[in-house]
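Visitor: Data: final-v5.txt, compact mmCIF, N, CA and C atoms.
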```txt
# COMPACT_ATOMS: atom_id res chain seq x y z
N MET A 1 14.99 27.52 -17.29
CA MET A 1 14.63 27.77 -15.91
C MET A 1 13.55 26.82 -15.43
N ALA A 2 12.59 26.53 -16.29
CA ALA A 2 11.50 25.64 -15.90
C ALA A 2 12.03 24.25 -15.58
N GLY A 3 13.03 23.81 -16.32
CA GLY A 3 13.63 22.50 -16.05
C GLY A 3 14.24 22.43 -14.66
N ARG A 4 14.89 23.51 -14.25
CA ARG A 4 15.49 23.54 -12.92
C ARG A 4 14.43 23.52 -11.83
N MET A 5 13.34 24.22 -12.05
CA MET A 5 12.27 24.23 -11.07
C MET A 5 11.65 22.84 -10.96
N SER A 6 11.56 22.16 -12.10
CA SER A 6 11.00 20.82 -12.10
C SER A 6 11.91 19.87 -11.32
N VAL A 7 13.20 19.99 -11.52
CA VAL A 7 14.15 19.15 -10.78
C VAL A 7 14.07 19.48 -9.30
N ALA A 8 14.02 20.75 -8.97
CA ALA A 8 13.91 21.15 -7.56
C ALA A 8 12.61 20.64 -6.95
N SER A 9 11.54 20.71 -7.72
CA SER A 9 10.25 20.21 -7.24
C SER A 9 10.30 18.70 -7.02
N GLU A 10 10.92 17.99 -7.95
CA GLU A 10 11.05 16.53 -7.81
C GLU A 10 11.91 16.19 -6.59
N GLN A 11 12.98 16.96 -6.37
CA GLN A 11 13.82 16.72 -5.20
C GLN A 11 13.06 16.98 -3.92
N ALA A 12 12.25 18.04 -3.90
CA ALA A 12 11.45 18.34 -2.72
C ALA A 12 10.44 17.23 -2.45
N GLU A 13 9.82 16.73 -3.50
CA GLU A 13 8.87 15.62 -3.35
C GLU A 13 9.57 14.37 -2.84
N ALA A 14 10.76 14.10 -3.36
CA ALA A 14 11.53 12.93 -2.91
C ALA A 14 11.92 13.07 -1.45
N GLU A 15 12.33 14.28 -1.04
CA GLU A 15 12.67 14.52 0.36
C GLU A 15 11.46 14.33 1.26
N GLU A 16 10.31 14.81 0.81
CA GLU A 16 9.09 14.64 1.60
C GLU A 16 8.74 13.16 1.74
N ALA A 17 8.87 12.41 0.65
CA ALA A 17 8.60 10.97 0.70
C ALA A 17 9.57 10.28 1.65
N LEU A 18 10.84 10.65 1.60
CA LEU A 18 11.83 10.07 2.52
C LEU A 18 11.51 10.41 3.96
N ASP A 19 11.09 11.64 4.21
CA ASP A 19 10.72 12.03 5.57
C ASP A 19 9.55 11.19 6.07
N ARG A 20 8.58 10.95 5.20
CA ARG A 20 7.44 10.13 5.58
C ARG A 20 7.87 8.69 5.87
N LEU A 21 8.74 8.16 5.03
CA LEU A 21 9.23 6.80 5.24
C LEU A 21 10.06 6.71 6.52
N ARG A 22 10.82 7.75 6.82
CA ARG A 22 11.55 7.79 8.10
C ARG A 22 10.57 7.76 9.27
N ALA A 23 9.46 8.48 9.13
CA ALA A 23 8.44 8.48 10.18
C ALA A 23 7.85 7.08 10.35
N VAL A 24 7.69 6.37 9.24
CA VAL A 24 7.19 4.99 9.32
C VAL A 24 8.17 4.12 10.09
N VAL A 25 9.44 4.21 9.76
CA VAL A 25 10.46 3.41 10.44
C VAL A 25 10.50 3.79 11.92
N HIS A 26 10.44 5.08 12.20
CA HIS A 26 10.44 5.54 13.60
C HIS A 26 9.25 4.96 14.35
N THR A 27 8.09 4.97 13.73
CA THR A 27 6.89 4.43 14.36
C THR A 27 7.08 2.96 14.69
N LEU A 28 7.62 2.23 13.75
CA LEU A 28 7.82 0.79 13.98
C LEU A 28 8.79 0.51 15.12
N THR A 29 9.84 1.30 15.19
CA THR A 29 10.85 1.04 16.21
C THR A 29 10.51 1.64 17.57
N ALA A 30 9.87 2.81 17.56
CA ALA A 30 9.61 3.50 18.83
C ALA A 30 8.32 3.05 19.51
N MET A 31 7.35 2.63 18.73
CA MET A 31 6.05 2.31 19.31
C MET A 31 5.47 1.01 18.74
N PRO A 32 6.20 -0.07 18.74
CA PRO A 32 5.68 -1.27 18.09
C PRO A 32 4.41 -1.82 18.71
N PHE A 33 4.13 -1.50 19.96
CA PHE A 33 2.93 -2.02 20.62
C PHE A 33 1.88 -0.94 20.88
N GLU A 34 2.12 0.28 20.38
CA GLU A 34 1.15 1.36 20.50
C GLU A 34 -0.08 1.01 19.67
N PRO A 35 -1.29 1.10 20.23
CA PRO A 35 -2.49 0.71 19.48
C PRO A 35 -2.68 1.48 18.17
N ASP A 36 -2.26 2.76 18.11
CA ASP A 36 -2.43 3.56 16.90
C ASP A 36 -1.29 3.38 15.89
N ALA A 37 -0.26 2.64 16.24
CA ALA A 37 0.91 2.50 15.37
C ALA A 37 0.55 1.96 13.99
N PRO A 38 -0.27 0.92 13.87
CA PRO A 38 -0.59 0.44 12.52
C PRO A 38 -1.27 1.49 11.64
N ASP A 39 -2.21 2.26 12.21
CA ASP A 39 -2.88 3.30 11.44
C ASP A 39 -1.92 4.41 11.02
N LEU A 40 -1.06 4.83 11.95
CA LEU A 40 -0.07 5.85 11.63
C LEU A 40 0.90 5.34 10.56
N LEU A 41 1.35 4.13 10.72
CA LEU A 41 2.26 3.52 9.75
C LEU A 41 1.64 3.51 8.36
N LEU A 42 0.41 3.04 8.26
CA LEU A 42 -0.25 2.97 6.96
C LEU A 42 -0.49 4.35 6.37
N ALA A 43 -0.92 5.29 7.19
CA ALA A 43 -1.16 6.65 6.70
C ALA A 43 0.11 7.26 6.12
N GLN A 44 1.23 7.09 6.82
CA GLN A 44 2.50 7.63 6.34
C GLN A 44 2.97 6.92 5.07
N ALA A 45 2.79 5.62 5.01
CA ALA A 45 3.21 4.87 3.82
C ALA A 45 2.38 5.28 2.60
N ILE A 46 1.08 5.43 2.78
CA ILE A 46 0.21 5.85 1.68
C ILE A 46 0.62 7.23 1.18
N ALA A 47 0.85 8.15 2.11
CA ALA A 47 1.26 9.50 1.72
C ALA A 47 2.62 9.50 1.05
N ALA A 48 3.53 8.67 1.53
CA ALA A 48 4.89 8.65 0.98
C ALA A 48 4.91 8.19 -0.47
N VAL A 49 4.05 7.26 -0.82
CA VAL A 49 4.07 6.74 -2.19
C VAL A 49 2.99 7.36 -3.07
N GLY A 50 2.13 8.20 -2.47
CA GLY A 50 1.11 8.86 -3.25
C GLY A 50 -0.04 7.96 -3.67
N ALA A 51 -0.29 6.92 -2.90
CA ALA A 51 -1.38 5.99 -3.22
C ALA A 51 -2.71 6.55 -2.73
N ASP A 52 -3.79 5.96 -3.20
CA ASP A 52 -5.13 6.36 -2.79
C ASP A 52 -5.66 5.52 -1.65
N GLY A 53 -5.02 4.43 -1.37
CA GLY A 53 -5.48 3.56 -0.30
C GLY A 53 -4.41 2.54 0.02
N GLY A 54 -4.67 1.78 1.05
CA GLY A 54 -3.69 0.77 1.42
C GLY A 54 -4.23 -0.20 2.45
N VAL A 55 -3.53 -1.30 2.55
CA VAL A 55 -3.83 -2.34 3.53
C VAL A 55 -2.52 -2.70 4.21
N LEU A 56 -2.58 -2.80 5.53
CA LEU A 56 -1.42 -3.27 6.28
C LEU A 56 -1.79 -4.64 6.82
N GLY A 57 -0.97 -5.61 6.51
CA GLY A 57 -1.25 -6.96 6.97
C GLY A 57 0.00 -7.63 7.49
N ILE A 58 -0.22 -8.73 8.18
CA ILE A 58 0.86 -9.55 8.70
C ILE A 58 0.85 -10.87 7.96
N VAL A 59 2.00 -11.25 7.41
CA VAL A 59 2.11 -12.52 6.70
C VAL A 59 2.27 -13.63 7.73
N ARG A 60 1.40 -14.62 7.60
CA ARG A 60 1.40 -15.75 8.53
C ARG A 60 1.72 -17.03 7.77
N ASP A 61 2.72 -17.75 8.26
CA ASP A 61 3.12 -19.04 7.69
C ASP A 61 3.49 -18.95 6.21
N GLY A 62 3.82 -17.75 5.73
CA GLY A 62 4.22 -17.58 4.34
C GLY A 62 3.09 -17.80 3.35
N ALA A 63 1.88 -18.06 3.83
CA ALA A 63 0.78 -18.39 2.93
C ALA A 63 -0.47 -17.54 3.12
N PHE A 64 -0.53 -16.80 4.22
CA PHE A 64 -1.73 -16.02 4.52
C PHE A 64 -1.35 -14.61 4.93
N ILE A 65 -2.25 -13.67 4.67
CA ILE A 65 -2.06 -12.28 5.10
C ILE A 65 -3.27 -11.91 5.96
N ASP A 66 -3.01 -11.63 7.22
CA ASP A 66 -4.05 -11.19 8.13
C ASP A 66 -4.08 -9.67 8.12
N THR A 67 -5.22 -9.09 7.74
CA THR A 67 -5.35 -7.64 7.67
C THR A 67 -5.33 -7.03 9.06
N VAL A 68 -4.48 -6.01 9.23
CA VAL A 68 -4.37 -5.29 10.49
C VAL A 68 -5.19 -4.00 10.42
N THR A 69 -5.02 -3.24 9.34
CA THR A 69 -5.76 -2.00 9.14
C THR A 69 -5.78 -1.68 7.65
N TYR A 70 -6.64 -0.73 7.27
CA TYR A 70 -6.79 -0.37 5.87
C TYR A 70 -7.25 1.08 5.76
N ARG A 71 -7.03 1.67 4.59
CA ARG A 71 -7.50 3.03 4.27
C ARG A 71 -7.82 3.06 2.79
N GLY A 72 -8.83 3.85 2.43
CA GLY A 72 -9.17 4.02 1.03
C GLY A 72 -10.09 2.95 0.49
N TYR A 73 -10.53 2.05 1.34
CA TYR A 73 -11.46 1.00 0.96
C TYR A 73 -12.67 1.11 1.87
N SER A 74 -13.83 0.73 1.37
CA SER A 74 -15.00 0.72 2.23
C SER A 74 -14.82 -0.37 3.28
N GLU A 75 -15.46 -0.18 4.42
CA GLU A 75 -15.36 -1.19 5.48
C GLU A 75 -15.90 -2.52 4.99
N LYS A 76 -16.96 -2.48 4.21
CA LYS A 76 -17.55 -3.71 3.66
C LYS A 76 -16.53 -4.46 2.80
N ARG A 77 -15.84 -3.73 1.90
CA ARG A 77 -14.85 -4.37 1.02
C ARG A 77 -13.69 -4.94 1.84
N ALA A 78 -13.19 -4.15 2.76
CA ALA A 78 -12.04 -4.59 3.55
C ALA A 78 -12.38 -5.80 4.40
N LYS A 79 -13.53 -5.77 5.03
CA LYS A 79 -13.92 -6.88 5.91
C LYS A 79 -14.29 -8.12 5.11
N SER A 80 -14.73 -7.95 3.87
CA SER A 80 -15.17 -9.10 3.08
C SER A 80 -14.00 -10.01 2.72
N HIS A 81 -12.79 -9.47 2.71
CA HIS A 81 -11.63 -10.29 2.33
C HIS A 81 -11.06 -11.06 3.50
N GLY A 82 -11.19 -10.53 4.72
CA GLY A 82 -10.67 -11.23 5.89
C GLY A 82 -9.21 -11.59 5.71
N THR A 83 -8.91 -12.86 5.90
CA THR A 83 -7.55 -13.35 5.68
C THR A 83 -7.36 -13.60 4.19
N LEU A 84 -6.29 -13.05 3.65
CA LEU A 84 -5.97 -13.22 2.22
C LEU A 84 -5.01 -14.38 2.04
N ILE A 85 -5.14 -15.06 0.92
CA ILE A 85 -4.22 -16.16 0.59
C ILE A 85 -3.15 -15.60 -0.35
N VAL A 86 -1.88 -15.84 -0.03
CA VAL A 86 -0.77 -15.37 -0.85
C VAL A 86 -0.87 -16.03 -2.23
N GLY A 87 -0.80 -15.20 -3.27
CA GLY A 87 -0.90 -15.69 -4.64
C GLY A 87 -1.11 -14.52 -5.59
N PRO A 88 -1.37 -14.78 -6.86
CA PRO A 88 -1.46 -13.70 -7.86
C PRO A 88 -2.83 -13.02 -7.97
N THR A 89 -3.74 -13.27 -7.05
CA THR A 89 -5.11 -12.76 -7.16
C THR A 89 -5.22 -11.25 -6.99
N TYR A 90 -4.55 -10.69 -6.02
CA TYR A 90 -4.62 -9.26 -5.71
C TYR A 90 -3.21 -8.67 -5.73
N PRO A 91 -3.10 -7.35 -5.90
CA PRO A 91 -1.77 -6.75 -5.87
C PRO A 91 -0.99 -7.08 -4.59
N LEU A 92 -1.64 -6.98 -3.43
CA LEU A 92 -0.95 -7.26 -2.17
C LEU A 92 -0.51 -8.71 -2.08
N THR A 93 -1.39 -9.63 -2.41
CA THR A 93 -1.04 -11.05 -2.30
C THR A 93 0.04 -11.44 -3.30
N GLU A 94 0.04 -10.78 -4.46
CA GLU A 94 1.10 -11.05 -5.44
C GLU A 94 2.43 -10.45 -5.00
N ALA A 95 2.40 -9.28 -4.39
CA ALA A 95 3.64 -8.67 -3.90
C ALA A 95 4.30 -9.58 -2.86
N VAL A 96 3.50 -10.16 -1.99
CA VAL A 96 4.05 -11.08 -0.98
C VAL A 96 4.59 -12.33 -1.67
N LEU A 97 3.84 -12.86 -2.63
CA LEU A 97 4.28 -14.05 -3.36
C LEU A 97 5.62 -13.82 -4.05
N ARG A 98 5.74 -12.71 -4.76
CA ARG A 98 6.96 -12.42 -5.53
C ARG A 98 8.07 -11.81 -4.68
N ARG A 99 7.71 -11.37 -3.47
CA ARG A 99 8.66 -10.69 -2.59
C ARG A 99 9.26 -9.45 -3.25
N GLU A 100 8.35 -8.71 -3.91
CA GLU A 100 8.75 -7.45 -4.54
C GLU A 100 7.56 -6.50 -4.55
N SER A 101 7.86 -5.22 -4.64
CA SER A 101 6.81 -4.20 -4.65
C SER A 101 6.01 -4.27 -5.95
N ILE A 102 4.76 -3.92 -5.85
CA ILE A 102 3.90 -3.78 -7.02
C ILE A 102 3.34 -2.37 -6.99
N TRP A 103 3.53 -1.65 -8.10
CA TRP A 103 3.09 -0.26 -8.21
C TRP A 103 2.11 -0.18 -9.38
N LEU A 104 0.92 0.32 -9.13
CA LEU A 104 -0.08 0.53 -10.16
C LEU A 104 -0.45 2.01 -10.14
N ALA A 105 -0.08 2.73 -11.19
CA ALA A 105 -0.21 4.19 -11.20
C ALA A 105 -1.62 4.68 -11.48
N ASN A 106 -2.47 3.82 -12.05
CA ASN A 106 -3.82 4.25 -12.38
C ASN A 106 -4.72 3.03 -12.57
N ALA A 107 -5.99 3.30 -12.80
CA ALA A 107 -6.97 2.21 -12.95
C ALA A 107 -6.67 1.36 -14.19
N GLU A 108 -6.14 1.97 -15.23
CA GLU A 108 -5.83 1.20 -16.44
C GLU A 108 -4.76 0.13 -16.16
N GLU A 109 -3.72 0.51 -15.42
CA GLU A 109 -2.69 -0.47 -15.06
C GLU A 109 -3.28 -1.58 -14.21
N ARG A 110 -4.15 -1.20 -13.26
CA ARG A 110 -4.79 -2.20 -12.41
C ARG A 110 -5.59 -3.18 -13.25
N LEU A 111 -6.37 -2.67 -14.20
CA LEU A 111 -7.20 -3.54 -15.04
C LEU A 111 -6.37 -4.39 -16.00
N ASP A 112 -5.24 -3.87 -16.47
CA ASP A 112 -4.36 -4.67 -17.33
C ASP A 112 -3.82 -5.89 -16.59
N ARG A 113 -3.42 -5.70 -15.34
CA ARG A 113 -2.83 -6.80 -14.57
C ARG A 113 -3.86 -7.64 -13.83
N TYR A 114 -4.94 -7.00 -13.43
CA TYR A 114 -5.96 -7.67 -12.61
C TYR A 114 -7.35 -7.35 -13.17
N PRO A 115 -7.71 -7.92 -14.31
CA PRO A 115 -8.99 -7.56 -14.95
C PRO A 115 -10.21 -7.84 -14.07
N HIS A 116 -10.09 -8.76 -13.13
CA HIS A 116 -11.20 -9.07 -12.25
C HIS A 116 -11.42 -7.99 -11.19
N LEU A 117 -10.52 -7.01 -11.09
CA LEU A 117 -10.67 -5.91 -10.13
C LEU A 117 -11.24 -4.69 -10.84
N SER A 118 -12.36 -4.87 -11.51
CA SER A 118 -12.95 -3.81 -12.32
C SER A 118 -13.90 -2.90 -11.55
N ASP A 119 -14.23 -3.27 -10.34
CA ASP A 119 -15.14 -2.45 -9.53
C ASP A 119 -14.50 -1.07 -9.31
N PRO A 120 -15.23 0.02 -9.65
CA PRO A 120 -14.65 1.36 -9.48
C PRO A 120 -14.36 1.72 -8.02
N ALA A 121 -14.82 0.91 -7.08
CA ALA A 121 -14.52 1.17 -5.67
C ALA A 121 -13.05 0.94 -5.35
N TRP A 122 -12.33 0.21 -6.21
CA TRP A 122 -10.89 0.03 -6.00
C TRP A 122 -10.19 1.36 -6.19
N PRO A 123 -9.21 1.67 -5.34
CA PRO A 123 -8.47 2.93 -5.53
C PRO A 123 -7.74 2.91 -6.87
N PRO A 124 -7.64 4.07 -7.55
CA PRO A 124 -6.94 4.11 -8.83
C PRO A 124 -5.46 3.78 -8.73
N THR A 125 -4.78 4.30 -7.71
CA THR A 125 -3.35 4.02 -7.55
C THR A 125 -3.15 3.03 -6.42
N ILE A 126 -2.27 2.08 -6.65
CA ILE A 126 -2.00 1.05 -5.63
C ILE A 126 -0.50 0.84 -5.56
N ALA A 127 0.02 0.79 -4.36
CA ALA A 127 1.42 0.45 -4.13
C ALA A 127 1.46 -0.62 -3.06
N CYS A 128 2.04 -1.75 -3.38
CA CYS A 128 2.18 -2.85 -2.42
C CYS A 128 3.65 -3.05 -2.15
N LEU A 129 4.03 -2.78 -0.91
CA LEU A 129 5.44 -2.83 -0.53
C LEU A 129 5.72 -3.98 0.40
```
Please go through the file and, once you have read it, give me the structure as structure tokens.
Guide:
Amino acid sequence: MAGRMSVASEQAEAEEALDRLRAVVHTLTAMPFEPDAPDLLLAQAIAAVGADGGVLGIVRDGAFIDTVTYRGYSEKRAKSHGTLIVGPTYPLTEAVLRRESIWLANAEERLDRYPHLSDPAWPPTIACL
């Protein structure tokens, strides 16, 4: 019986994540110029993947990421990066470089892949889509 409840729970979580992602898509299509759209989009994406924080940016010229909004980071940390250069330095910049998602489930995974990101101010879970 416990196995069935676990499957049902996983299905419910998956449905909730899909609903959140649908809300993200709806936000993008229905309100692309709404001033709050980037914040709503990021909040829904973070909740959908269960991350502790996130950054929404726009890729410019295939080489730069201009930060639009962020959550889960201090204002000082977020503002200190400004425009990011696409490359393997950070999870987000590497995701853009590889054109694939990067998922880090905990601080240990983050430190294994990015040892220079040892500051505990970094969120433990990171998803770059």
Visitor: Using DSSP secondary structure from the backbone, list all strand (DSSP E or B) positions within chain A, as a ChimeraX atom specification.
Guide: /A:54-60,64-71,83-85,102-104,126-128
Visitor: Counting only C-alpha atoms, find the residues whose atoms lie at most 12 Å from (-2.0, -16.1, 2.4) (file coordinates) and write them out as a PyMOL selection string.
Guide: chain A and resi 57-67+81-90+92-97
Visitor: How many Å lie between CA of Ala107 in chain A and atom N of Ala47 in chain A, rounded to one decimal?
Guide: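 We find that CA of Ala107 in chain A and atom N of Ala47 in chain A lie 18.0 Å from each other.
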Visitor: Can you work out which one of A:Glu10, A:Asp52, A:Asp39, A:Glu100 has the shortest atom-to-atom distance to Trp122 in chain A, counting only N, CA and C atoms?
Guide: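 The shortest atom-to-atom distance to Trp122 in chain A comes from A:Asp52.
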Visitor: So the first atom is atom N of Val55 in chain A and the second is atom C of Val7 in chain A; what is the distance between them in Å, to one decimal place?
Guide: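 So the two atoms, atom N of Val55 in chain A and atom C of Val7 in chain A, lie 29.7 Å apart.
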Visitor: Out of A:Leu129, A:Val49, A:Leu111, A:Ala12, which residue has the shortest atom-to-atom distance to Arg99 in chain A when counting all atoms listed in the file?
Guide: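 The closest residue to Arg99 in chain A is A:Leu129.
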Visitor: Of the candidates A:Pro35, A:Pro91, A:Pro115, A:Pro124, which one gets nearest to Gly53 in chain A if we count only N, CA and C atoms?
Guide: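 When distances to Gly53 in chain A are compared using only N, CA and C atoms, the smallest one comes from A:Pro124.
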Visitor: Quick one: distance from CA of Arg77 in chain A to CA of Thr125 in chain A in Å, one decimal?
Guide: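 Spanning CA of Arg77 in chain A to CA of Thr125 in chain A is a straight-line distance of 16.6 Å.
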Visitor: List every residue of chain A that DSSP, applied to the backbone of this structure, places in helix (DSSP H, G or I), and write the result as a PyMOL selection string.
Guide: chain A and resi 2-30+37-49+75-81+91-98+107-113
Visitor: Name the closest residue to Tyr70 in chain A among the candidates A:Ala17, A:Gly54, A:Trp103, A:Arg98; distances are taken between atoms, counting all atoms listed in the file.
Guide: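 Nearest candidate to Tyr70 in chain A out of A:Ala17, A:Gly54, A:Trp103, A:Arg98: A:Gly54.
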Visitor: When you count only N, CA and C atoms, which of these residues is closest to Ala48 in chain A: A:Leu21, A:Leu104, A:Asp119, A:Arg110?
Guide: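 Ranked by minimum distance to Ala48 in chain A, first place goes to A:Leu21.
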Visitor: From the list A:Val25, A:Ala127, A:His116, A:Thr69, which residue is nearest Ile46 in chain A when using all atoms listed in the file?
Guide: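 Closest to Ile46 in chain A, using all atoms listed in the file: A:Ala127.
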Visitor: Around range 37-48 of chain A, fit a box with edges along x, y and z, padding it by 8 Å on each side, then list its centre and edge lengths in Å to one decimal as AutoDock Vina command-line options.
Guide:
```
--center_x 1.0 --center_y 5.0 --center_z 7.9 --size_x 23.8 --size_y 25.1 --size_z 32.7
```
Visitor: Because some atoms of range 70-79 of chain A are absent here, can you restore all heavy atoms and send them as a short mmCIF file (atom, residue, chain, number, x, y, z; two decimals), keeping the file's coordinate frame?
Guide:
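And here is the file that came out, selection-v4.cif:
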```
data_model
loop_
_atom_site.label_atom_id
_atom_site.label_comp_id
_atom_site.auth_asym_id
_atom_site.auth_seq_id
_atom_site.Cartn_x
_atom_site.Cartn_y
_atom_site.Cartn_z
N TYR A 70 -6.64 -0.73 7.27
CA TYR A 70 -6.79 -0.37 5.87
C TYR A 70 -7.25 1.08 5.76
O TYR A 70 -7.80 1.65 6.71
CB TYR A 70 -7.80 -1.29 5.18
CG TYR A 70 -9.14 -1.28 5.84
CD1 TYR A 70 -10.12 -0.37 5.46
CD2 TYR A 70 -9.43 -2.16 6.87
CE1 TYR A 70 -11.34 -0.33 6.10
CE2 TYR A 70 -10.66 -2.13 7.51
CZ TYR A 70 -11.61 -1.22 7.12
OH TYR A 70 -12.82 -1.17 7.76
N ARG A 71 -7.03 1.67 4.59
CA ARG A 71 -7.50 3.03 4.27
C ARG A 71 -7.82 3.06 2.79
O ARG A 71 -7.17 2.40 2.00
CB ARG A 71 -6.42 4.07 4.55
CG ARG A 71 -6.27 4.38 5.99
CD ARG A 71 -5.33 5.54 6.18
NE ARG A 71 -5.28 5.81 7.60
CZ ARG A 71 -5.24 7.01 8.11
NH1 ARG A 71 -5.21 8.05 7.34
NH2 ARG A 71 -5.20 7.17 9.41
N GLY A 72 -8.83 3.85 2.43
CA GLY A 72 -9.17 4.02 1.03
C GLY A 72 -10.09 2.95 0.49
O GLY A 72 -10.40 2.92 -0.69
N TYR A 73 -10.53 2.05 1.34
CA TYR A 73 -11.46 1.00 0.96
C TYR A 73 -12.67 1.11 1.87
O TYR A 73 -12.55 1.51 3.03
CB TYR A 73 -10.85 -0.39 1.16
CG TYR A 73 -9.64 -0.66 0.31
CD1 TYR A 73 -8.37 -0.40 0.78
CD2 TYR A 73 -9.77 -1.18 -0.97
CE1 TYR A 73 -7.24 -0.64 0.01
CE2 TYR A 73 -8.66 -1.42 -1.75
CZ TYR A 73 -7.40 -1.15 -1.26
OH TYR A 73 -6.30 -1.38 -2.03
N SER A 74 -13.83 0.73 1.37
CA SER A 74 -15.00 0.72 2.23
C SER A 74 -14.82 -0.37 3.28
O SER A 74 -14.10 -1.35 3.07
CB SER A 74 -16.26 0.43 1.42
OG SER A 74 -16.27 -0.90 0.96
N GLU A 75 -15.46 -0.18 4.42
CA GLU A 75 -15.36 -1.19 5.48
C GLU A 75 -15.90 -2.52 4.99
O GLU A 75 -15.32 -3.57 5.27
CB GLU A 75 -16.14 -0.73 6.72
CG GLU A 75 -15.97 -1.69 7.88
CD GLU A 75 -16.55 -1.13 9.17
OE1 GLU A 75 -16.89 0.05 9.23
OE2 GLU A 75 -16.67 -1.93 10.11
N LYS A 76 -16.96 -2.48 4.21
CA LYS A 76 -17.55 -3.71 3.66
C LYS A 76 -16.53 -4.46 2.80
O LYS A 76 -16.34 -5.66 2.93
CB LYS A 76 -18.79 -3.38 2.85
CG LYS A 76 -19.47 -4.59 2.26
CD LYS A 76 -20.70 -4.18 1.46
CE LYS A 76 -21.31 -5.39 0.78
NZ LYS A 76 -22.44 -5.03 -0.07
N ARG A 77 -15.84 -3.73 1.90
CA ARG A 77 -14.85 -4.37 1.02
C ARG A 77 -13.69 -4.94 1.84
O ARG A 77 -13.27 -6.05 1.64
CB ARG A 77 -14.31 -3.40 -0.01
CG ARG A 77 -13.17 -4.03 -0.84
CD ARG A 77 -12.74 -3.19 -2.00
NE ARG A 77 -13.76 -2.98 -2.99
CZ ARG A 77 -14.17 -3.89 -3.86
NH1 ARG A 77 -13.66 -5.09 -3.85
NH2 ARG A 77 -15.09 -3.60 -4.75
N ALA A 78 -13.19 -4.15 2.76
CA ALA A 78 -12.04 -4.59 3.55
C ALA A 78 -12.38 -5.80 4.40
O ALA A 78 -11.62 -6.77 4.47
CB ALA A 78 -11.52 -3.45 4.41
N LYS A 79 -13.53 -5.77 5.03
CA LYS A 79 -13.92 -6.88 5.91
C LYS A 79 -14.29 -8.12 5.11
O LYS A 79 -14.17 -9.24 5.61
CB LYS A 79 -15.10 -6.46 6.80
CG LYS A 79 -14.80 -5.28 7.69
CD LYS A 79 -14.38 -5.71 9.03
CE LYS A 79 -14.20 -4.47 9.89
NZ LYS A 79 -13.39 -4.65 10.99
#
```
